[in-house]
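To start, the structure under review is shown below, and the notes come after it.
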Amino acid sequence: MVEQRITIKAITLFRESNGLFDYDASNYHRCKIKLNEDSIIVRQGENVHSVHHSSLNNLQNNPTILALFYKKNRNFMLSSSINKTEGKNWEKPWIVINSLKTTEYLLSEGDVFRLGKIKFTIKEISGYKQSEVHRSVLHSKTLQNGGLGGLVKSKTDLSVPIHLETQIISNSCRICLLDDNDDLNPLISPCFCTGTMGVIHIGCLQRWLDSKITQNSHRDVKIYTWRSLNCELCKFKYPNKILVDNKTIDLVIIEKPPTTNYMILESCNNKKKCIHVLNLDDKKVIRLGRGYDSDMRIPDISISRNHACINIRSSGLYIQDLNSKFGTLIRMKKDICLDLDNKFKIQTGRSLLKISTSKPWSFFGCLFGCGKIKDSDDENQRFRNATSDSSSNNL
Ligand SMILES: [Zn+2]
Ligand SMILES: [Zn+2]
């Protein structure tokens, strides 16, 4: 194993941007940092610099923490989390998909991807190969093969069902006022309300919840949207499933396509929760964007008209950015082992860090040019506007 050296080229937008990075911007602050020990990358104003790992708890002027690098078996690791973030400004790192070797990323259940400011969690993929999501250590050279997400504890709608003790309830239903109580439509007490308001038929609760959910379809994507599924009196948040007498009952019913090839995503926008059910049968590509011709239309200003696409192959579902203004990103839920002679980018808030690894300088390295970071690869196609052309903007 060879000792590593890390070079980070950071560019930072001058203004706060609500966690967005404008990839079309032409005006930004540049910094270059070299690391050979455990370090934290911090931002103060626009200036990005490194401090030693040990000073995490004594940072001056409360800077924004952008990344944490530590050494393990002589390899550098990029951390996905920071201990004791309380009271610290910590902007979570996101991998820039465009910076990966194949400019694509293999999606798996548990991945969270972000278009502009909208985050999508993959709840279920059916009919396609996925990454070996159980791998705990990921290598920077193979990031395109996926696996950055965590384990999915529950699929689709499936928050863990809450268990309801079956009680003999003598009250009548708070909705229909009837007191029939049979196995098919039992009276239950699902929230914190008590007395006459605490009892409801499962069927009445399902219908009431259903009335709060809006269903829409656009092409082969079905969208379920709701603001909150809380009890209006005690504000208890109803789960999507409950367990009554060891029987799991869906409170929110999400219809899956009549095919094995589909994907289910969950997103949150303006406090509205959305479940997107994508029928992928006979499809080669799904286009995501704000434009009307997108297969999955996301009406948000931070999303470009043609923002990203999901390429559908027998080897899996691959997400790709389409030169969007605010980028297509994947959340890092696992630490990444940095391989030699490899580079990729992470975005943390309004900063973009290009991370490259090389051997440290040595006499022979200098002579033969090893260990030198090549600047030719540096041309970031994404900063096309920095040079001139702005007509191709994908706003
Ligand atoms: Zn009822
Ligand atoms: Zn209640």
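Here, A, B, ... name the chains of the structure tokens in the order displayed, residue numbers run from 1 inside each chain, and ligands are numbered from 1 in the same displayed order.
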
Item to check | Exercise answer, 8 Å around ligand 2 with only C-alpha atoms and all ligand atoms, as a PyMOL selection string | outcome: chain A and resi 190-194+197-198+230-236

Checklist entry - Quick one: residues within 6 Å of ligand 1, with only C-alpha atoms and all ligand atoms, as a ChimeraX atom specification? => result /A:173,175-176,178,200-201,204

Pull N, CA and C atoms from the residues just selected and write them as a tab-separated table (two decimals), in the first residue's frame.
chain	number	residue	atom	x	y	z
A	173	CYS	N	-68.27	4.93	16.68
A	173	CYS	CA	-67.26	5.50	15.78
A	173	CYS	C	-67.40	7.03	15.71
A	175	ILE	N	-66.67	8.92	13.39
A	175	ILE	CA	-67.05	9.42	12.06
A	175	ILE	C	-68.49	9.05	11.71
A	176	CYS	N	-68.81	7.75	11.75
A	176	CYS	CA	-70.15	7.35	11.30
A	176	CYS	C	-71.15	7.23	12.46
A	178	LEU	N	-71.76	4.94	14.36
A	178	LEU	CA	-72.33	3.60	14.61
A	178	LEU	C	-71.42	2.83	15.56
A	200	ILE	N	-62.77	4.71	16.33
A	200	ILE	CA	-63.08	4.89	14.90
A	200	ILE	C	-63.04	3.52	14.20
A	201	HIS	N	-63.87	3.33	13.20
A	201	HIS	CA	-63.79	2.10	12.38
A	201	HIS	C	-62.55	2.19	11.50
A	204	CYS	N	-63.61	3.57	8.21
A	204	CYS	CA	-63.87	5.02	8.24
A	204	CYS	C	-62.55	5.79	8.25

Item to check | Between atom CA of A:Asn240 and atom CA of A:Ile122 - distance in Å to one decimal | outcome: 16.8 Å

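Contact shell of A:Thr259 at 12 Å (only C-alpha atoms; same-chain neighbours under 3 positions omitted): Ile125, Ser126, Gly127, Glu255, Lys256, Tyr262, Met263, Val277, Leu278, Asn279, Leu280, Asp281 and Asp282 of chain A.
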
For the selection you just gave me, I'd like the residues written to a file as a CSV table (one decimal), in the first residue's frame, keeping C-alpha atoms.
chain,number,residue,atom,x,y,z
A,125,ILE,CA,-37.0,-1.2,-7.2
A,126,SER,CA,-38.7,-4.2,-8.7
A,127,GLY,CA,-37.4,-6.2,-11.7
A,255,GLU,CA,-51.3,0.9,-6.0
A,256,LYS,CA,-48.3,-0.8,-7.6
A,262,TYR,CA,-41.3,-0.5,-11.5
A,263,MET,CA,-39.7,1.9,-9.1
A,277,VAL,CA,-44.8,5.1,-8.7
A,278,LEU,CA,-43.0,4.7,-12.0
A,279,ASN,CA,-44.0,1.9,-14.4
A,280,LEU,CA,-40.8,1.0,-16.2
A,281,ASP,CA,-42.2,-1.7,-18.5
A,282,ASP,CA,-40.8,-1.5,-22.0

Item to check | Those in stretch 100-315 of chain A with strand (DSSP E) from DSSP, as a ChimeraX atom specification | outcome: /A:104-106,112-115,118-126,138-139,162-164,187-188,200-201,214-218,221-226,241-244,247-250,262-269,272-279,285-289,296-297,308-313

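For the set A:Arg297, A:Lys34, A:Lys119, A:His29, the residue with the smallest atom-to-atom gap to A:Glu46 is A:His29, counting only C-alpha atoms.
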
Checklist entry - Which neighbours of A:Val48 fall inside 9 Å, counting only C-alpha atoms, when residues of the same chain fewer than 6 positions from it are skipped, and could you give them as a list in words? => result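 Answer for this query is Ala10, Ile11, Thr12, Arg30, Cys31, Lys32, Ile33, Ile41, Val42, Leu66 and Ser351 of chain A.
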
Checklist entry - So what do you get for atom CA of A:Leu338 versus atom CA of A:Ala308, distance-wise? => result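 Atom CA of A:Leu338 sits 26.6 Å away from atom CA of A:Ala308.
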
Item to check | Two-atom distance - atom CA of A:Ser39, atom CA of A:Gly116 (Å) | outcome: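 Interatomic distance, atom CA of A:Ser39 to atom CA of A:Gly116: 28.8 Å.
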
Checklist entry - Neighbours of A:Ile253 within 10 Å (only C-alpha atoms; same-chain residues fewer than 5 positions away dropped), as a ChimeraX atom specification? => result /A:157,206,209-210,213,224,240-241

Checklist entry - Could you pull the residues within 12 Å of A:Thr7, counting only C-alpha atoms, minus those fewer than 4 positions along the same chain, as a ChimeraX atom specification? => result /A:31-37,41,49-50,69,76,338,340-345,353-360,371-375
